[in-house]
Structure formats: structure tokens, C-alpha cells
$ cat query05.txt   # compact mmCIF, C-alpha atoms
# COMPACT_ATOMS: atom_id res chain seq x y z
CA MET A 2 0.00 0.00 0.00
CA SER A 3 1.37 3.40 -0.97
CA ALA A 4 2.04 6.18 1.54
CA VAL A 5 -0.84 8.23 0.12
CA SER A 6 -3.27 5.31 0.49
CA LYS A 7 -2.15 4.72 4.07
CA GLN A 8 -2.58 8.38 4.86
CA ASN A 9 -6.09 8.42 3.34
CA LYS A 10 -7.01 5.29 5.25
CA LYS A 11 -5.83 6.82 8.53
CA ALA A 12 -7.77 10.01 7.80
CA GLY A 13 -10.90 7.99 7.07
CA ASP A 14 -10.48 5.94 10.24
CA GLY A 15 -9.97 9.16 12.20
CA GLU A 16 -13.14 10.72 10.78
CA GLU A 17 -15.12 7.54 11.51
CA GLY A 18 -13.76 7.40 15.05
CA SER A 19 -14.50 11.05 15.73
CA GLY A 20 -17.99 10.56 14.34
CA LYS A 21 -18.62 7.68 16.75
CA TRP A 22 -17.36 9.71 19.70
CA PHE A 23 -19.52 12.64 18.65
CA SER A 24 -22.58 10.39 18.50
CA PHE A 25 -21.76 8.91 21.91
CA TYR A 26 -21.37 12.30 23.57
CA THR A 27 -24.51 13.57 21.84
CA ILE A 28 -26.60 10.71 23.23
CA LEU A 29 -24.95 11.04 26.64
CA GLY A 30 -25.58 14.80 26.73
CA ARG A 31 -29.22 14.37 25.78
CA CYS A 32 -29.74 11.76 28.49
CA LEU A 33 -28.05 13.93 31.13
CA VAL A 34 -30.16 16.96 30.20
CA GLY A 35 -33.31 14.85 30.43
CA ILE A 36 -32.31 13.42 33.80
CA PHE A 37 -31.46 16.92 35.07
CA ILE A 38 -34.88 18.28 34.02
CA ILE A 39 -36.82 15.37 35.54
CA ALA A 40 -34.79 15.37 38.77
CA GLY A 41 -35.08 19.14 39.11
CA TRP A 42 -38.82 18.96 38.52
CA GLU A 43 -39.27 16.23 41.14
CA LEU A 44 -37.11 17.97 43.72
CA GLY A 45 -38.83 21.28 43.07
CA VAL A 46 -42.19 19.70 43.86
CA ARG A 47 -40.92 17.88 46.95
CA PHE A 48 -39.33 21.02 48.42
CA GLY A 49 -42.35 23.19 47.64
CA LEU A 50 -40.64 25.28 44.97
CA VAL A 51 -43.10 24.13 42.31
CA ASP A 52 -46.87 23.99 42.76
CA SER A 53 -47.75 20.29 42.56
CA TYR A 54 -51.38 20.99 41.67
CA TYR A 55 -50.56 22.72 38.40
CA TRP A 56 -47.30 20.97 37.54
CA SER A 57 -47.83 17.53 39.14
CA SER A 58 -44.53 15.62 39.47
CA PRO A 59 -42.67 12.94 37.47
CA THR A 60 -43.42 10.20 40.01
CA VAL A 61 -47.14 11.01 40.12
CA ILE A 62 -47.26 11.20 36.31
CA LEU A 63 -45.52 7.81 36.11
CA GLU A 64 -47.99 6.24 38.54
CA LYS A 65 -50.98 7.76 36.75
CA GLY A 66 -49.59 6.72 33.39
CA TRP A 67 -49.08 3.15 34.55
CA PHE A 68 -52.67 3.02 35.75
CA GLN A 69 -53.91 4.36 32.41
CA LEU A 70 -51.75 1.82 30.60
CA THR A 71 -52.84 -1.23 32.59
CA GLU A 72 -56.34 -0.39 33.79
CA SER A 73 -57.70 2.20 31.36
CA THR A 74 -57.70 3.06 27.64
CA LEU A 75 -54.23 4.53 27.09
CA ILE A 76 -53.17 1.86 24.59
CA GLN A 77 -56.33 2.28 22.51
CA ASP A 78 -55.97 6.06 22.60
CA LEU A 79 -52.33 5.81 21.57
CA MET A 80 -53.13 3.47 18.69
CA PHE A 81 -55.91 5.79 17.50
CA THR A 82 -53.71 8.89 17.51
CA SER A 83 -50.65 7.25 16.00
CA GLY A 84 -52.73 5.42 13.35
CA ALA A 85 -54.48 8.59 12.17
CA THR A 86 -51.17 10.45 12.13
CA ILE A 87 -49.37 7.79 10.08
CA TYR A 88 -52.23 7.40 7.60
CA GLY A 89 -52.47 11.15 7.08
CA PHE A 90 -48.69 11.49 6.85
CA VAL A 91 -48.33 8.76 4.21
CA LEU A 92 -51.29 9.94 2.13
CA GLY A 93 -50.20 13.58 2.32
CA THR A 94 -46.62 12.77 1.37
CA VAL A 95 -47.51 10.49 -1.56
CA ILE A 96 -50.31 12.62 -3.03
CA GLY A 97 -48.37 15.83 -2.43
CA ALA A 98 -45.36 14.38 -4.24
CA VAL A 99 -47.56 13.35 -7.18
CA ILE A 100 -49.07 16.85 -7.38
CA GLY A 101 -45.68 18.55 -7.23
CA LEU A 102 -44.11 16.23 -9.82
CA SER A 103 -47.08 16.65 -12.16
CA PHE A 104 -46.18 20.32 -12.60
CA TRP A 105 -43.24 19.25 -14.76
CA TRP A 106 -45.57 18.03 -17.51
CA SER A 107 -47.06 21.45 -18.26
CA LYS A 108 -45.64 24.88 -17.48
CA LEU A 109 -49.09 26.42 -18.10
CA TYR A 110 -50.70 24.01 -15.63
CA ALA A 111 -47.97 24.77 -13.09
CA ALA A 112 -48.26 28.54 -13.53
CA ILE A 113 -52.05 28.40 -13.05
CA SER A 114 -51.93 26.07 -10.04
CA GLU A 115 -48.99 27.53 -8.11
CA PRO A 116 -50.74 30.61 -6.61
CA TYR A 117 -53.61 28.42 -5.40
CA LEU A 118 -51.15 26.05 -3.74
CA VAL A 119 -49.42 28.95 -2.05
CA ALA A 120 -52.73 30.45 -0.94
CA PHE A 121 -53.96 27.16 0.49
CA ASN A 122 -50.65 26.66 2.24
CA ALA A 123 -51.03 30.09 3.87
CA ILE A 124 -54.49 29.26 5.21
CA PRO A 125 -54.30 27.98 8.79
CA LYS A 126 -55.69 24.49 8.13
CA LEU A 127 -56.42 24.03 11.81
CA ALA A 128 -59.02 26.79 11.51
CA LEU A 129 -60.89 24.52 9.07
CA ALA A 130 -60.82 21.62 11.53
CA PRO A 131 -64.34 22.23 12.95
CA VAL A 132 -65.79 22.25 9.43
CA LEU A 133 -64.00 19.04 8.48
CA VAL A 134 -65.06 17.28 11.66
CA ILE A 135 -68.70 18.29 11.11
CA LEU A 136 -68.52 17.30 7.45
CA ILE A 137 -66.75 13.95 7.86
CA GLY A 138 -67.73 13.00 11.40
CA ILE A 139 -65.97 12.60 14.74
CA GLY A 140 -64.44 9.24 13.90
CA PHE A 141 -61.06 8.12 12.60
CA SER A 142 -61.52 9.48 9.06
CA SER A 143 -61.74 13.14 10.06
CA LYS A 144 -58.44 12.88 11.95
CA VAL A 145 -56.76 11.32 8.92
CA VAL A 146 -58.10 14.10 6.67
CA LEU A 147 -56.79 16.75 9.06
CA ALA A 148 -53.35 15.12 9.16
CA PHE A 149 -53.46 14.83 5.36
CA SER A 150 -54.39 18.50 4.90
CA MET A 151 -51.44 19.54 7.05
CA THR A 152 -48.90 17.63 4.93
CA VAL A 153 -50.06 17.46 1.32
CA ILE A 154 -49.30 21.08 0.34
CA VAL A 155 -45.90 21.09 2.07
CA THR A 156 -44.87 18.02 0.08
CA ALA A 157 -46.32 19.37 -3.16
CA LEU A 158 -44.36 22.61 -2.84
CA ALA A 159 -41.18 20.69 -1.94
CA ALA A 160 -41.57 18.44 -4.99
CA TYR A 161 -42.29 21.43 -7.22
CA SER A 162 -39.14 23.15 -5.92
CA GLY A 163 -37.19 20.06 -6.96
CA VAL A 164 -38.82 20.09 -10.40
CA LYS A 165 -37.81 23.72 -10.94
CA GLN A 166 -34.17 22.91 -10.15
CA ILE A 167 -33.82 20.31 -12.92
CA ASP A 168 -31.15 21.15 -15.49
CA PRO A 169 -32.89 21.90 -18.82
CA ASP A 170 -29.71 21.00 -20.71
CA MET A 171 -29.93 17.46 -19.34
CA GLU A 172 -33.49 17.21 -20.62
CA LYS A 173 -32.48 18.50 -24.06
CA LEU A 174 -29.62 16.00 -24.20
CA LEU A 175 -31.95 13.09 -23.46
CA TYR A 176 -34.45 14.28 -26.07
CA THR A 177 -31.60 14.52 -28.58
CA LEU A 178 -30.67 10.91 -27.81
CA GLY A 179 -34.23 9.83 -28.57
CA ALA A 180 -35.76 9.68 -25.09
CA LYS A 181 -39.51 10.12 -24.66
CA ARG A 182 -41.06 12.47 -22.08
CA ARG A 183 -41.95 9.54 -19.84
CA HIS A 184 -38.31 8.42 -19.92
CA VAL A 185 -37.08 11.89 -18.91
CA PHE A 186 -39.68 11.98 -16.16
CA SER A 187 -38.70 8.61 -14.69
CA LYS A 188 -34.94 8.92 -15.18
CA VAL A 189 -34.34 12.60 -14.42
CA VAL A 190 -37.34 14.38 -12.89
CA ILE A 191 -38.21 11.88 -10.16
CA PRO A 192 -34.62 11.16 -9.00
CA SER A 193 -33.74 14.87 -9.03
CA SER A 194 -36.83 15.80 -7.00
CA LEU A 195 -36.59 12.99 -4.45
CA PRO A 196 -34.13 14.82 -2.12
CA TRP A 197 -36.56 17.75 -1.94
CA ILE A 198 -39.46 15.43 -1.13
CA ILE A 199 -37.43 13.52 1.44
CA SER A 200 -36.38 16.75 3.14
CA SER A 201 -40.03 17.46 3.96
CA LEU A 202 -40.62 14.18 5.83
CA ARG A 203 -39.58 15.33 9.31
CA ILE A 204 -41.65 18.49 9.00
CA ASN A 205 -44.63 16.51 7.76
CA ILE A 206 -44.72 14.00 10.61
CA ALA A 207 -44.91 16.82 13.17
CA LEU A 208 -47.61 18.61 11.16
CA ALA A 209 -49.61 15.38 10.79
CA LEU A 210 -49.52 14.77 14.54
CA ALA A 211 -50.64 18.35 15.20
CA GLY A 212 -53.57 17.95 12.80
CA THR A 213 -54.66 14.72 14.46
CA ILE A 214 -54.52 16.18 17.97
CA VAL A 215 -56.52 19.26 16.99
CA GLY A 216 -59.17 17.03 15.46
CA GLU A 217 -59.35 15.05 18.70
CA PHE A 218 -59.65 18.25 20.70
CA ILE A 219 -62.67 19.34 18.65
CA ALA A 220 -64.60 16.05 18.78
CA SER A 221 -63.52 12.45 19.20
CA ARG A 222 -64.36 9.26 21.05
CA GLU A 223 -60.72 8.13 21.26
CA GLY A 224 -57.20 9.49 21.13
CA ILE A 225 -54.62 11.18 23.32
CA GLY A 226 -56.09 14.59 22.49
CA ARG A 227 -59.50 13.46 23.68
CA MET A 228 -57.93 12.15 26.89
CA ILE A 229 -56.21 15.50 27.55
CA LEU A 230 -59.43 17.42 26.83
CA TYR A 231 -61.46 15.16 29.13
CA ALA A 232 -58.84 15.46 31.89
CA GLY A 233 -58.96 19.24 31.64
CA GLN A 234 -62.75 19.26 31.89
CA ILE A 235 -62.72 17.24 35.12
CA LEU A 236 -59.66 19.16 36.43
CA ASP A 237 -57.49 16.03 36.59
CA ILE A 238 -54.17 17.82 36.07
CA ASP A 239 -52.15 14.65 36.60
CA LEU A 240 -53.95 13.00 33.68
CA VAL A 241 -53.35 16.08 31.53
CA TRP A 242 -49.63 15.71 32.18
CA VAL A 243 -49.82 12.00 31.35
CA GLY A 244 -51.32 12.91 27.99
CA VAL A 245 -48.73 15.62 27.34
CA THR A 246 -45.90 13.23 28.26
CA VAL A 247 -47.24 10.47 26.03
CA LEU A 248 -47.62 12.92 23.14
CA SER A 249 -44.05 14.14 23.63
CA LEU A 250 -42.70 10.58 23.58
CA LEU A 251 -44.83 9.72 20.55
CA ALA A 252 -43.57 12.80 18.68
CA LEU A 253 -39.95 11.96 19.52
CA PHE A 254 -40.36 8.37 18.37
CA MET A 255 -42.05 9.36 15.11
CA TYR A 256 -39.42 12.03 14.41
CA TRP A 257 -36.62 9.53 15.11
CA PHE A 258 -38.19 6.82 12.94
CA VAL A 259 -38.83 9.20 10.03
CA GLY A 260 -35.21 10.35 10.38
CA LEU A 261 -34.08 6.75 9.90
CA ILE A 262 -36.26 6.44 6.80
CA GLU A 263 -34.91 9.74 5.49
CA ARG A 264 -31.27 8.67 5.89
CA TRP A 265 -31.99 5.29 4.30
CA LEU A 266 -33.68 6.90 1.30
CA LEU A 267 -30.87 9.42 0.85
CA LYS A 268 -28.32 6.62 0.87
CA LYS A 269 -30.38 4.72 -1.70
CA ILE A 270 -30.33 7.66 -4.12
CA GLY A 271 -26.68 8.44 -3.40
CA GLN A 272 -27.12 11.71 -1.53
CA GLN A 273 -25.23 10.52 1.55
CA PRO A 274 -21.95 8.61 1.86
$ encode --input "query05.txt" --output "C-alpha cells"
Amino acid sequence: MSAVSKQNKKAGDGEEGSGKWFSFYTILGRCLVGIFIIAGWELGVRFGLVDSYYWSSPTVILEKGWFQLTESTLIQDLMFTSGATIYGFVLGTVIGAVIGLSFWWSKLYAAISEPYLVAFNAIPKLALAPVLVILIGIGFSSKVVLAFSMTVIVTALAAYSGVKQIDPDMEKLLYTLGAKRRHVFSKVVIPSSLPWIISSLRINIALALAGTIVGEFIASREGIGRMILYAGQILDIDLVWVGVTVLSLLALFMYWFVGLIERWLLKKIGQQP
């Protein structure tokens, strides 16, 4: 092995090693911050520095959460909320990507549609939630539609941004070589736009969860949002905190899982080493 190759290998090993140490310290730092917050919260309640009625305490929340998990409907509520969120997220991402990619086929169609997309994106979709719930009902479907409405336009605009960045010279070259429009679309447009679509995934999962929870707040028979609303109505602050904690953990898990999917997809299309 030449001296240059050995030097490159050492540099690569050093970068890989430093990356592992960085990941280790990142995870360790996050855990320590979490432990510090929980311990400070618990001690603040025990020493009377924090009002336990309004803020509860980690131990009480844990006990209440365990009761809800084993004796009540927490699992069903969690499945309802997460199911509606995932359905809405997947539908919004797929249909939004199709809408955004379709703009490549006609500049006139894109020019006519773009201002309406922007206008709909500017509308606070959560303000339409009561109308959608009344129109569709208080069941699972209305929560999916709300999650879908929160994600579809974001994905469509992301895909359209990718379409607009495509090199026209590459398209002309392929046409010169005899390619059809469908070939250019499948070989150039879709691969070039995928990084833009993928970049919207983490934003979309948070928006989908927000849409689902708002729908549950308005009217629902199940869900974590319904549980929080019910707890607030009967002034069970401990149960409210259980719901907030479960939602936080659910959001973290979904964000982490979508991040894994995002990295896997980027590796598949060669955007990451």
C-alpha cells in the first residue's frame, strides 16, 4: 500500500472514530439533560418550589400513566392517535409528491396552479378543523383528513421546488438521444426531485400529529387529544400531564423513525456517503 493510500485510510479511520465519539457524547448529553430536568422537577415539587397541583410531578405522572396503561384506555388512545397520524402522513406525502411532480408536464398548468397552492398553504388548516369534523364526522376518518391536509401542500411545494431545479440541458440531451417524455420523467425528474421530497418528511410528521390532535380536541371518542381534553374538563391535572408526556414521547419516536427512513432513502439515491 502506498504512503498516500495509508494516509487516506488513517484520515478515514480518524473521521469515523471522531464521528462515533460525537454520537456517543450527543446521546450522553441528551440523556443527562433529560435526567437533570426530571430530577429538578421532582425535587422542586418535593421542596415546595413548584406547585404540585398545576405541575404535578414525574413520580405522580408515572404512577398515573401506569394506571392508564394497565387499567384504562391509554393503549387504545395511543393506537388511535398514531394510526391517524401515520395514515395522514403517508397519504399527504404520496399525493403531495404526485401533485408537485405533475407540474413538470405542463408549465401552463404549473403557472395556473402555483398561486392556489401557495394560498392554500397560507391558510391555517387548523381553523378549518371544525368544518372538516362536522362534514366527515368525529371518527377516525376526520383525523386522517386533518393530518393529510397539514402535509399534502408542504410536500407538493417541496416536490415542485425540486422540479424547478432540474437542469434543462440534461433534458435536451436526453431528447436529442431519442428519449420520450416519460423516460425523462422517470430517469431525471423523479430522481432529481426525491431529495426535496425527502427533506419534507420530518416536518410533515410533526404537522400530521398536530392535525390529528386538533381534530381530537374538537370532537372524538378516542385518542390522546381526547384524553387531555377530558382530563382538563374534570380538572385532573395529573392525567393532563400524562397525555402531554405520552404525546411528547410519541412525537420523539415518530421524528426519530422518520429520520431513519430519510437517511436510508438518501443513501439509496446516493445523496449521503
$ atom_distance --input "query05.txt" --atom1 "atom CA of Glu43 of chain A" --atom2 "atom CA of Val241 of chain A"
17.0 Å
$ residues_around --input "query05.txt" --residues "Phe149 of chain A" --least-positions-apart "5" --cutoff "8 Å" --atoms "only C-alpha atoms" --output "MDAnalysis selection string"
chainID A and resid 88:90 92:93 209
$ closest_residue --input "query05.txt" --among "A:Leu70, A:Val190, A:Ile229, A:Leu261" --to "Ala98 of chain A" --atoms "only C-alpha atoms"
A:Val190
$ residues_near_point --input "query05.txt" --point "(-40.5, 14.1, 8.0)" --cutoff "10 Å" --atoms "only C-alpha atoms" --output "count of residues only"
25
$ atom_distance --input "query05.txt" --atom1 "atom CA of Leu253 of chain A" --atom2 "atom CA of Thr82 of chain A"
14.2 Å
$ closest_residue --input "query05.txt" --among "A:Ala123, A:Leu240, A:Val145, A:Ala111" --to "Glu217 of chain A" --atoms "only C-alpha atoms"
A:Val145
$ atom_distance --input "query05.txt" --atom1 "atom CA of Ala157 of chain A" --atom2 "atom CA of Ile100 of chain A"
5.6 Å
$ closest_atom_pairs --input "query05.txt" --of "segment 109-194 of chain A" --to "segment 224-228 of chain A" --cutoff "12 Å" --atoms "all atoms listed in the file" --output "CSV"
residue,atom,partner,partner_atom,distance
A:Ile139,CA,A:Arg227,CA,11.1
A:Gly140,CA,A:Gly224,CA,10.2
A:Phe141,CA,A:Gly224,CA,9.5
A:Lys144,CA,A:Gly224,CA,9.9
$ closest_residue --input "query05.txt" --among "A:Phe37, A:Phe25, A:Trp67, A:Trp265" --to "Val247 of chain A" --atoms "all atoms listed in the file"
A:Trp67
$ closest_atom_pairs --input "query05.txt" --of "segment 66-103 of chain A" --to "segment 162-167 of chain A" --cutoff "10 Å" --atoms "all atoms listed in the file" --output "tab-separated table"
residue	atom	partner	partner_atom	distance
A:Gly101	CA	A:Val164	CA	7.7
A:Leu102	CA	A:Val164	CA	6.6
A:Ser103	CA	A:Val164	CA	9.1
$ closest_residue --input "query05.txt" --among "A:Phe121, A:Trp42, A:Trp22, A:Trp105" --to "Pro169 of chain A" --atoms "only C-alpha atoms"
A:Trp105
$ decode --input "query05.txt" --residues "segment 234-251 of chain A" --atoms "N, CA, C and O atoms" --output "compact mmCIF listing (two decimals), in the first residue's frame"
# COMPACT_ATOMS: atom_id res chain seq x y z
N GLN A 234 -61.37 18.97 31.51
CA GLN A 234 -62.75 19.26 31.89
C GLN A 234 -63.07 18.82 33.31
O GLN A 234 -63.86 19.46 34.00
N ILE A 235 -62.45 17.71 33.75
CA ILE A 235 -62.72 17.24 35.12
C ILE A 235 -61.63 17.70 36.09
O ILE A 235 -61.58 17.24 37.24
N LEU A 236 -60.74 18.59 35.61
CA LEU A 236 -59.66 19.16 36.43
C LEU A 236 -58.72 18.11 36.99
O LEU A 236 -58.20 18.24 38.10
N ASP A 237 -58.48 17.05 36.20
CA ASP A 237 -57.49 16.03 36.59
C ASP A 237 -56.15 16.41 35.94
O ASP A 237 -55.80 15.95 34.85
N ILE A 238 -55.41 17.28 36.63
CA ILE A 238 -54.17 17.82 36.07
C ILE A 238 -53.13 16.73 35.86
O ILE A 238 -52.35 16.77 34.90
N ASP A 239 -53.11 15.75 36.75
CA ASP A 239 -52.15 14.65 36.60
C ASP A 239 -52.38 13.91 35.28
O ASP A 239 -51.43 13.56 34.58
N LEU A 240 -53.64 13.68 34.94
CA LEU A 240 -53.95 13.00 33.68
C LEU A 240 -53.60 13.86 32.48
O LEU A 240 -53.19 13.35 31.44
N VAL A 241 -53.78 15.17 32.62
CA VAL A 241 -53.35 16.08 31.53
C VAL A 241 -51.86 15.91 31.27
O VAL A 241 -51.43 15.79 30.11
N TRP A 242 -51.08 15.87 32.34
CA TRP A 242 -49.63 15.71 32.18
C TRP A 242 -49.26 14.34 31.63
O TRP A 242 -48.28 14.20 30.90
N VAL A 243 -50.04 13.32 31.96
CA VAL A 243 -49.82 12.00 31.35
C VAL A 243 -49.99 12.10 29.84
O VAL A 243 -49.17 11.60 29.06
N GLY A 244 -51.07 12.75 29.41
CA GLY A 244 -51.32 12.91 27.99
C GLY A 244 -50.22 13.71 27.29
O GLY A 244 -49.76 13.34 26.21
N VAL A 245 -49.79 14.79 27.93
CA VAL A 245 -48.73 15.62 27.34
C VAL A 245 -47.43 14.82 27.24
O VAL A 245 -46.71 14.89 26.23
N THR A 246 -47.12 14.04 28.27
CA THR A 246 -45.90 13.23 28.26
C THR A 246 -45.94 12.17 27.17
O THR A 246 -44.96 11.97 26.43
N VAL A 247 -47.09 11.49 27.05
CA VAL A 247 -47.24 10.47 26.03
C VAL A 247 -47.11 11.08 24.64
O VAL A 247 -46.46 10.52 23.74
N LEU A 248 -47.72 12.24 24.44
CA LEU A 248 -47.62 12.92 23.14
C LEU A 248 -46.18 13.29 22.82
O LEU A 248 -45.72 13.16 21.68
N SER A 249 -45.45 13.77 23.84
CA SER A 249 -44.05 14.14 23.63
C SER A 249 -43.22 12.92 23.22
O SER A 249 -42.41 12.99 22.28
N LEU A 250 -43.43 11.81 23.91
CA LEU A 250 -42.70 10.58 23.58
C LEU A 250 -43.08 10.07 22.20
O LEU A 250 -42.22 9.61 21.44
N LEU A 251 -44.38 10.15 21.88
CA LEU A 251 -44.83 9.72 20.55
C LEU A 251 -44.20 10.58 19.46
O LEU A 251 -43.75 10.06 18.43
